[in-house]
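Reproduced below: data.txt, with compact mmCIF, C-alpha atoms.
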```txt
# COMPACT_ATOMS: atom_id res chain seq x y z
CA MET A 1 84.81 111.04 89.40
CA GLU A 2 88.36 109.70 89.07
CA THR A 3 90.06 113.10 88.97
CA ASN A 4 93.34 114.20 90.50
CA VAL A 5 94.45 110.60 90.93
CA ALA A 6 98.23 110.29 91.06
CA LYS A 7 99.63 108.18 88.23
CA PRO A 8 102.12 105.50 89.31
CA ASP A 9 105.64 105.78 87.98
CA VAL A 10 106.60 103.39 85.19
CA VAL A 11 109.92 101.57 85.50
CA TYR A 12 111.86 101.46 82.24
CA PHE A 13 114.68 99.11 81.28
CA ASP A 14 117.08 99.10 78.35
CA LYS A 15 117.80 95.37 78.26
CA TYR A 16 116.29 94.90 74.79
CA ASP A 17 118.47 97.67 73.40
CA GLN A 18 121.49 95.89 74.84
CA ARG A 19 120.60 92.22 74.39
CA GLY A 20 118.03 92.01 71.60
CA ALA A 21 115.49 89.16 71.62
CA TYR A 22 117.34 87.30 74.35
CA HIS A 23 114.38 85.26 75.63
CA TRP A 24 114.34 83.35 72.35
CA GLN A 25 118.02 82.51 72.68
CA GLU A 26 117.87 81.53 76.35
CA CYS A 27 114.78 79.33 75.93
CA ASP A 28 116.25 77.48 72.94
CA ARG A 29 117.66 74.14 74.10
CA ASN A 30 120.13 74.19 71.19
CA SER A 31 121.51 77.61 72.09
CA LYS A 32 124.80 78.12 73.91
CA SER A 33 122.99 80.55 76.20
CA TYR A 34 120.18 78.09 77.04
CA ASN A 35 118.73 78.98 80.45
CA PRO A 36 116.60 76.16 81.98
CA PRO A 37 115.15 78.28 84.84
CA LEU A 38 113.95 80.94 82.40
CA ALA A 39 112.55 78.34 80.00
CA ALA A 40 110.64 76.73 82.88
CA ARG A 41 109.01 80.01 83.84
CA TYR A 42 107.46 80.40 80.40
CA GLU A 43 106.59 76.73 80.04
CA VAL A 44 104.68 76.77 83.35
CA VAL A 45 102.59 79.68 82.06
CA ARG A 46 102.10 78.09 78.63
CA ARG A 47 100.76 74.92 80.25
CA GLU A 48 98.38 76.94 82.42
CA VAL A 49 97.02 78.77 79.37
CA ALA A 50 96.55 75.43 77.59
CA ARG A 51 94.48 74.18 80.56
CA THR A 52 92.26 77.26 80.47
CA GLU A 53 88.94 76.44 78.82
CA LYS A 54 88.21 79.95 77.50
CA ARG A 55 91.32 81.51 75.91
CA ASP A 56 90.17 83.18 72.70
CA ARG A 57 91.64 86.56 73.63
CA VAL A 58 94.88 86.72 75.62
CA LEU A 59 96.93 89.70 76.80
CA ASP A 60 100.59 89.45 77.84
CA ILE A 61 101.67 92.40 79.99
CA GLY A 62 105.40 93.04 79.84
CA CYS A 63 105.55 90.97 76.67
CA GLY A 64 109.16 91.88 75.87
CA ASP A 65 110.36 90.16 72.70
CA ALA A 66 107.09 88.17 72.35
CA TYR A 67 108.53 84.78 73.27
CA LEU A 68 105.57 83.91 75.50
CA ILE A 69 103.06 85.24 72.98
CA ALA A 70 104.47 82.86 70.38
CA GLN A 71 104.24 79.94 72.81
CA VAL A 72 100.55 80.44 73.63
CA GLN A 73 99.20 81.73 70.30
CA ALA A 74 98.40 78.41 68.62
CA ASP A 75 95.16 77.81 70.53
CA CYS A 76 94.05 81.45 70.74
CA ARG A 77 92.04 83.59 68.36
CA GLU A 78 93.83 86.82 69.31
CA VAL A 79 96.91 87.54 71.42
CA ARG A 80 98.03 91.03 72.31
CA GLY A 81 101.14 92.19 74.11
CA VAL A 82 101.98 95.44 75.83
CA ASP A 83 105.41 96.65 76.93
CA SER A 84 106.81 99.99 78.05
CA GLU A 85 110.00 99.53 76.01
CA ALA A 86 109.89 100.76 72.41
CA GLN A 87 112.68 98.40 71.34
CA ALA A 88 110.89 95.42 72.87
CA VAL A 89 107.69 96.25 70.96
CA ALA A 90 109.63 96.66 67.71
CA LEU A 91 111.33 93.29 68.20
CA ALA A 92 108.04 91.66 69.17
CA ASN A 93 106.13 92.85 66.11
CA GLU A 94 108.95 91.80 63.79
CA ILE A 95 108.99 88.33 65.31
CA LEU A 96 105.18 88.08 65.27
CA LYS A 97 104.84 88.72 61.53
CA PRO A 98 104.06 85.02 60.84
CA TYR A 99 101.15 85.25 63.31
CA PRO A 100 98.59 87.76 61.97
CA HIS A 101 96.38 87.31 65.04
CA CYS A 102 99.18 88.54 67.34
CA ALA A 103 100.57 92.04 67.90
CA ALA A 104 102.29 94.18 70.53
CA VAL A 105 101.80 97.83 71.46
CA GLN A 106 103.81 100.22 73.58
CA GLY A 107 102.12 101.16 76.84
CA ASP A 108 102.17 100.46 80.55
CA CYS A 109 100.29 98.24 82.94
CA TYR A 110 98.60 101.17 84.69
CA HIS A 111 96.82 102.41 81.55
CA LEU A 112 96.10 99.44 79.28
CA PRO A 113 94.94 100.55 75.81
CA PHE A 114 92.07 98.08 75.65
CA GLU A 115 88.36 98.24 76.33
CA ASP A 116 86.61 96.90 79.42
CA GLY A 117 86.09 93.14 79.60
CA TYR A 118 87.93 92.42 76.35
CA PHE A 119 90.21 89.53 77.38
CA ASP A 120 89.68 85.96 78.54
CA VAL A 121 93.21 85.62 79.96
CA VAL A 122 95.83 88.12 81.10
CA LEU A 123 99.44 87.05 81.70
CA LEU A 124 101.68 88.85 84.18
CA THR A 125 104.93 86.87 84.13
CA ASP A 126 107.59 88.09 86.56
CA VAL A 127 106.37 91.67 86.32
CA ILE A 128 104.62 92.47 89.59
CA GLU A 129 107.87 92.49 91.58
CA HIS A 130 109.03 95.47 89.47
CA LEU A 131 105.94 97.63 90.06
CA LYS A 132 105.77 100.69 92.28
CA ASP A 133 101.97 100.37 92.54
CA PRO A 134 100.94 96.72 91.98
CA THR A 135 97.37 97.34 93.14
CA ALA A 136 96.82 99.90 90.37
CA CYS A 137 98.06 97.36 87.84
CA LEU A 138 95.80 94.62 89.21
CA ARG A 139 92.74 96.88 89.07
CA GLU A 140 93.52 97.68 85.46
CA ILE A 141 93.89 93.98 84.69
CA ARG A 142 90.54 93.30 86.33
CA ARG A 143 89.01 96.02 84.16
CA VAL A 144 90.12 94.46 80.86
CA LEU A 145 89.22 90.91 81.90
CA ASN A 146 85.72 89.66 81.19
CA ASP A 147 83.59 88.32 84.03
CA ARG A 148 84.83 84.74 83.57
CA GLY A 149 88.41 85.74 82.72
CA ARG A 150 91.52 84.82 84.66
CA LEU A 151 94.87 86.30 85.50
CA ILE A 152 97.91 83.99 85.37
CA LEU A 153 100.78 85.51 87.35
CA THR A 154 104.29 84.41 88.30
CA THR A 155 106.81 86.11 90.55
CA PRO A 156 109.94 85.19 92.55
CA LYS A 157 109.12 84.16 96.11
CA PHE A 158 110.60 86.26 98.89
CA ARG A 159 113.68 84.83 100.56
CA PRO A 160 115.02 86.36 103.77
CA ASP A 161 118.75 86.27 102.97
CA ARG A 162 118.80 88.37 99.79
CA LYS A 163 116.74 89.61 96.84
CA TRP A 164 116.65 87.62 93.65
CA ASP A 165 117.30 90.88 91.79
CA GLU A 166 118.15 94.29 93.22
CA ARG A 167 115.96 95.94 90.56
CA HIS A 168 112.86 94.43 92.17
CA GLU A 169 110.63 96.85 94.04
CA LYS A 170 109.22 94.09 96.25
CA GLU A 171 109.46 90.32 96.43
CA PHE A 172 106.42 88.68 98.01
CA THR A 173 105.82 85.86 100.41
CA SER A 174 102.91 83.64 99.42
CA GLU A 175 100.82 85.21 102.18
CA GLU A 176 101.60 88.75 101.04
CA LEU A 177 100.84 87.94 97.43
CA HIS A 178 97.55 86.24 98.32
CA SER A 179 96.50 89.25 100.39
CA LEU A 180 97.36 91.67 97.59
CA LEU A 181 95.54 89.68 94.91
CA SER A 182 92.52 89.05 97.12
CA GLY A 183 91.99 92.79 97.35
CA VAL A 184 91.01 92.78 93.66
CA PHE A 185 89.96 89.21 92.82
CA SER A 186 87.45 87.04 94.64
CA ASP A 187 89.13 83.70 93.79
CA VAL A 188 92.91 83.39 94.23
CA THR A 189 94.94 80.17 94.12
CA ILE A 190 98.70 80.13 94.70
CA THR A 191 101.05 77.25 93.89
CA TYR A 192 104.82 76.87 93.75
CA PHE A 193 107.45 75.90 91.21
CA TRP A 194 111.22 76.16 90.60
CA PRO A 195 112.70 73.85 93.32
CA LEU A 196 115.29 75.67 95.38
CA LYS A 197 117.54 72.61 95.54
CA TRP A 198 117.93 72.83 91.77
CA SER A 199 118.24 76.61 91.86
CA ASN A 200 121.10 76.34 94.34
CA PHE A 201 122.69 73.55 92.32
CA TYR A 202 122.45 75.68 89.17
CA ARG A 203 124.63 78.32 90.82
CA ASN A 204 127.41 75.76 91.22
CA ARG A 205 130.16 75.90 88.57
CA PHE A 206 129.33 72.33 87.53
CA GLY A 207 125.64 72.39 88.37
CA TRP A 208 124.61 74.79 85.61
CA ARG A 209 126.31 72.56 83.05
CA ILE A 210 124.45 69.50 84.32
CA CYS A 211 121.11 71.34 84.39
CA LYS A 212 121.62 72.49 80.82
CA ALA A 213 122.59 68.99 79.70
CA ILE A 214 119.54 67.28 81.17
CA GLY A 215 117.32 70.14 79.96
CA ARG A 216 118.57 69.64 76.43
CA MET A 217 117.64 65.96 76.73
CA GLY A 218 114.04 66.94 77.47
CA TRP A 219 113.74 67.03 81.28
CA ASN A 220 113.80 70.45 82.90
CA PRO A 221 114.01 70.09 86.71
CA PHE A 222 112.77 73.65 87.23
CA LEU A 223 109.31 72.66 85.96
CA ALA A 224 108.44 70.78 89.16
CA GLU A 225 105.33 72.28 90.82
CA SER A 226 103.60 71.85 94.17
CA VAL A 227 100.48 73.06 95.98
CA ASP A 228 102.35 73.12 99.30
CA ARG A 229 105.88 73.23 100.78
CA PRO A 230 106.55 76.88 99.82
CA GLU A 231 109.89 76.74 101.61
CA SER A 232 111.15 74.31 98.93
CA PHE A 233 110.43 76.49 95.90
CA GLY A 234 111.62 79.78 94.46
CA GLN A 235 108.68 80.93 92.34
CA LEU A 236 105.01 81.64 92.99
CA LYS A 237 102.25 81.06 90.46
CA ALA A 238 98.85 82.63 91.06
CA ILE A 239 95.56 82.04 89.25
CA CYS A 240 93.04 84.82 89.90
CA MET A 241 89.38 85.01 88.89
CA GLY A 242 86.23 86.84 89.91
CA ARG A 243 85.69 90.45 90.80
CA LYS A 244 85.75 91.93 94.28
CA ALA A 245 82.81 94.29 94.76
CA ASP A 246 85.10 97.29 95.37
CA SER A 247 87.97 96.29 93.04
CA SER A 248 87.41 99.26 90.73
CA ARG A 249 87.26 101.85 93.49
CA VAL A 250 90.03 104.42 93.33
CA THR A 251 91.71 105.44 96.56
CA ARG A 252 92.33 109.17 96.69
```

Now that the file is in, can you turn its structure into structure tokens?
Amino acid sequence: METNVAKPDVVYFDKYDQRGAYHWQECDRNSKSYNPPLAARYEVVRREVARTEKRDRVLDIGCGDAYLIAQVQADCREVRGVDSEAQAVALANEILKPYPHCAAVQGDCYHLPFEDGYFDVVLLTDVIEHLKDPTACLREIRRVLNDRGRLILTTPKFRPDRKWDERHEKEFTSEELHSLLSGVFSDVTITYFWPLKWSNFYRNRFGWRICKAIGRMGWNPFLAESVDRPESFGQLKAICMGRKADSSRVTR
């Protein structure tokens, strides 16, 4: 029996109260606040979903203002989002009104309000680095995925000099992330995107203007991906499938 199991703490943010549906603004090439690195993160995931053969039912964990849901929904029969922030869910459902097959609910990644084996694809986009108990989240994802389902995950890659964001609980090396994911999934593939040379250039007072300009013309340099050279990239993308024999076991 799974009794007396400690529940992981949920990290809450108030960014949607403060900034509204900011992902839509920052991923819009015509917006003054256009953010090419952020837009690339979602486009990399959208492309991966489009390449996935079975994608009838998709779940986006940490869906925020539903930007990613809207990007992937066209080829899916049902897309659901879950977020711990009430304001994010309210924004998401308002934005998703034109898409009757899409909806968001308030909840957390440790207790997903969906039945076993319901989804073909689960998205975890720059979420795992915020979690106090990532293994508990991954086990819950494995529960709601069907036997042929896949997890598509992105996260900033660990760098030794400083964190990408001080709010992150942990930033992973590719080896650490592979080890963590392999504890729950039997098939894990990790690739890299977001070239660091462009990330460093973007921090330059002129570089961010140039990156925005070329992004608005249709070429986003942060979309470059590789299966090797992890030292040259700032983001990890993992594709996870299959079920480890003991992935549902609860550690007391």

Near range 204-210 of chain A, 12 Å: range 23-142 of chain A residue rows, closest pairs, only C-alpha atoms, as CSV:
```
residue,atom,partner,partner_atom,distance
A:Lys32,CA,A:Arg209,CA,10.8
A:Ser33,CA,A:Arg209,CA,11.0
A:Tyr34,CA,A:Trp208,CA,10.2
A:Asn35,CA,A:Trp208,CA,8.9
A:Pro36,CA,A:Trp208,CA,8.9
A:Pro37,CA,A:Trp208,CA,10.1
```

Applying 8 Å and all atoms listed in the file, which residues near Asp83 in chain A remain after dropping the ones on its own chain fewer than 6 positions away? List them as a ChimeraX atom specification. /A:61-64,89,104-108

If you count all atoms listed in the file, the residue of A:Glu225, A:Glu166, A:Asp17, A:Glu129 closest to Ala88 in chain A turns out to be A:Asp17

Residue list as a ChimeraX atom specification for point (101.8, 74.2, 80.2), cut-off 12 Å, all atoms listed in the file: /A:39-52,68,71-72,152,223-225

Selected residue, from A:Thr189, A:Asn30, A:Ser182, A:Gln73, that lies nearest to Leu138 in chain A when counting all atoms listed in the file: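 Ranked by minimum distance to Leu138 in chain A, first place goes to A:Ser182.
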
What does the distance between CA of Met217 in chain A and CA of Trp194 in chain A come to in Å, to one decimal place? 18.4 Å

For each of A:Lys157, A:Lys197, A:Arg162, A:Arg148, take the minimum atom-to-atom distance to Met241 in chain A, counting all atoms listed in the file, then give the residue where this is smallest.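 Answer, going by the shortest atom-to-atom distance: A:Arg148.
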
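You will find CA of Arg57 in chain A at 5.0 Å from CA of Phe119 in chain A.
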
Neighbour list for Tyr192 in chain A as a PyMOL selection string, cut-off 12 Å, only C-alpha atoms, skip fewer than 6 positions in-chain: chain A and resi 41+44+153-157+173-174+222-239

Go ahead and save the residues from that selection, with C-alpha atoms, as a JSON list (two decimals), keeping the file's coordinate frame.
```json
[["chain", "number", "residue", "atom", "x", "y", "z"],
["A", 41, "ARG", "CA", 109.01, 80.01, 83.84],
["A", 44, "VAL", "CA", 104.68, 76.77, 83.35],
["A", 153, "LEU", "CA", 100.78, 85.51, 87.35],
["A", 154, "THR", "CA", 104.29, 84.41, 88.30],
["A", 155, "THR", "CA", 106.81, 86.11, 90.55],
["A", 156, "PRO", "CA", 109.94, 85.19, 92.55],
["A", 157, "LYS", "CA", 109.12, 84.16, 96.11],
["A", 173, "THR", "CA", 105.82, 85.86, 100.41],
["A", 174, "SER", "CA", 102.91, 83.64, 99.42],
["A", 222, "PHE", "CA", 112.77, 73.65, 87.23],
["A", 223, "LEU", "CA", 109.31, 72.66, 85.96],
["A", 224, "ALA", "CA", 108.44, 70.78, 89.16],
["A", 225, "GLU", "CA", 105.33, 72.28, 90.82],
["A", 226, "SER", "CA", 103.60, 71.85, 94.17],
["A", 227, "VAL", "CA", 100.48, 73.06, 95.98],
["A", 228, "ASP", "CA", 102.35, 73.12, 99.30],
["A", 229, "ARG", "CA", 105.88, 73.23, 100.78],
["A", 230, "PRO", "CA", 106.55, 76.88, 99.82],
["A", 231, "GLU", "CA", 109.89, 76.74, 101.61],
["A", 232, "SER", "CA", 111.15, 74.31, 98.93],
["A", 233, "PHE", "CA", 110.43, 76.49, 95.90],
["A", 234, "GLY", "CA", 111.62, 79.78, 94.46],
["A", 235, "GLN", "CA", 108.68, 80.93, 92.34],
["A", 236, "LEU", "CA", 105.01, 81.64, 92.99],
["A", 237, "LYS", "CA", 102.25, 81.06, 90.46],
["A", 238, "ALA", "CA", 98.85, 82.63, 91.06],
["A", 239, "ILE", "CA", 95.56, 82.04, 89.25]]
```

What lies within 10 Å of range 93-97 of chain A using all atoms listed in the file, ignoring chain neighbours under 5 positions off, as a count of residues only? 12

CA of Asn200 in chain A sits from CA of Glu176 in chain A at a separation of 24.1 Å

Find, counting only C-alpha atoms, the residue in A:Ala90, A:Glu115, A:Phe158, A:Ser84 that gets nearest to Leu177 in chain A. A:Phe158

Skipping near chain neighbours, those fewer than 3 positions away, what residues fall within 10 Å of Arg143 in chain A using only C-alpha atoms, listed as a PyMOL selection string? chain A and resi 112+114-119+137-140+146-147+243+247-248

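Ranking A:Leu124, A:Ile141, A:Leu196, A:Val79 by their shortest atom-to-atom distance to Val184 in chain A, with all atoms listed in the file included, puts A:Ile141 first.
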
Name all residues at most 10 Å from Lys244 in chain A (count only C-alpha atoms; drop same-chain ones fewer than 6 positions away) and give them as a short mmCIF file (atom, residue, chain, number, x, y, z; two decimals) with C-alpha atoms, in the coordinates of the input.
```cif
data_model
loop_
_atom_site.label_atom_id
_atom_site.label_comp_id
_atom_site.auth_asym_id
_atom_site.auth_seq_id
_atom_site.Cartn_x
_atom_site.Cartn_y
_atom_site.Cartn_z
CA ARG A 142 90.54 93.30 86.33
CA SER A 182 92.52 89.05 97.12
CA GLY A 183 91.99 92.79 97.35
CA VAL A 184 91.01 92.78 93.66
CA PHE A 185 89.96 89.21 92.82
CA SER A 186 87.45 87.04 94.64
CA ASP A 187 89.13 83.70 93.79
#
```

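Counting only C-alpha atoms, the residue from A:Val121, A:Tyr16, A:Tyr202, A:Pro160 that sits nearest to Glu85 in chain A is A:Tyr16.
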
Can you sort out the box for range 209-217 of chain A, edges along x, y and z, all listed atoms in, 4 Å on every side, with centre and edge lengths in Å to one decimal, as JSON?
```
{"center_x": 121.8, "center_y": 69.3, "center_z": 80.4, "size_x": 17.0, "size_y": 14.6, "size_z": 16.0}
```

Could you complete range 50-68 of chain A so that it carries N, CA and C atoms, and give it back as a compact mmCIF listing (two decimals), in the coordinates of the input?
```
# COMPACT_ATOMS: atom_id res chain seq x y z
N ALA A 50 97.10 76.57 78.32
CA ALA A 50 96.55 75.43 77.59
C ALA A 50 95.44 74.73 78.38
N ARG A 51 95.52 74.80 79.71
CA ARG A 51 94.48 74.18 80.56
C ARG A 51 93.26 75.07 80.73
N THR A 52 93.35 76.31 80.31
CA THR A 52 92.26 77.26 80.47
C THR A 52 91.22 77.04 79.38
N GLU A 53 89.99 76.79 79.78
CA GLU A 53 88.94 76.44 78.82
C GLU A 53 88.66 77.58 77.84
N LYS A 54 88.52 78.79 78.34
CA LYS A 54 88.21 79.95 77.50
C LYS A 54 89.47 80.79 77.35
N ARG A 55 90.06 80.79 76.14
CA ARG A 55 91.32 81.51 75.91
C ARG A 55 91.35 82.12 74.51
N ASP A 56 90.21 82.58 74.04
CA ASP A 56 90.17 83.18 72.70
C ASP A 56 91.02 84.43 72.62
N ARG A 57 90.91 85.29 73.64
CA ARG A 57 91.64 86.56 73.63
C ARG A 57 92.56 86.60 74.84
N VAL A 58 93.86 86.76 74.57
CA VAL A 58 94.88 86.72 75.62
C VAL A 58 95.72 87.98 75.54
N LEU A 59 96.06 88.53 76.70
CA LEU A 59 96.93 89.70 76.80
C LEU A 59 98.15 89.34 77.63
N ASP A 60 99.34 89.64 77.11
CA ASP A 60 100.59 89.45 77.84
C ASP A 60 101.15 90.82 78.21
N ILE A 61 101.15 91.12 79.50
CA ILE A 61 101.67 92.40 79.99
C ILE A 61 103.16 92.26 80.29
N GLY A 62 103.96 93.18 79.75
CA GLY A 62 105.40 93.04 79.84
C GLY A 62 105.89 91.99 78.87
N CYS A 63 105.36 92.05 77.64
CA CYS A 63 105.55 90.97 76.67
C CYS A 63 106.98 90.88 76.15
N GLY A 64 107.78 91.93 76.32
CA GLY A 64 109.16 91.88 75.87
C GLY A 64 109.27 91.53 74.40
N ASP A 65 110.11 90.54 74.09
CA ASP A 65 110.36 90.16 72.70
C ASP A 65 109.37 89.13 72.15
N ALA A 66 108.23 88.98 72.82
CA ALA A 66 107.09 88.17 72.35
C ALA A 66 107.34 86.67 72.41
N TYR A 67 108.31 86.23 73.18
CA TYR A 67 108.53 84.78 73.27
C TYR A 67 107.29 84.06 73.81
N LEU A 68 106.73 84.57 74.90
CA LEU A 68 105.57 83.91 75.50
C LEU A 68 104.35 84.00 74.60
```
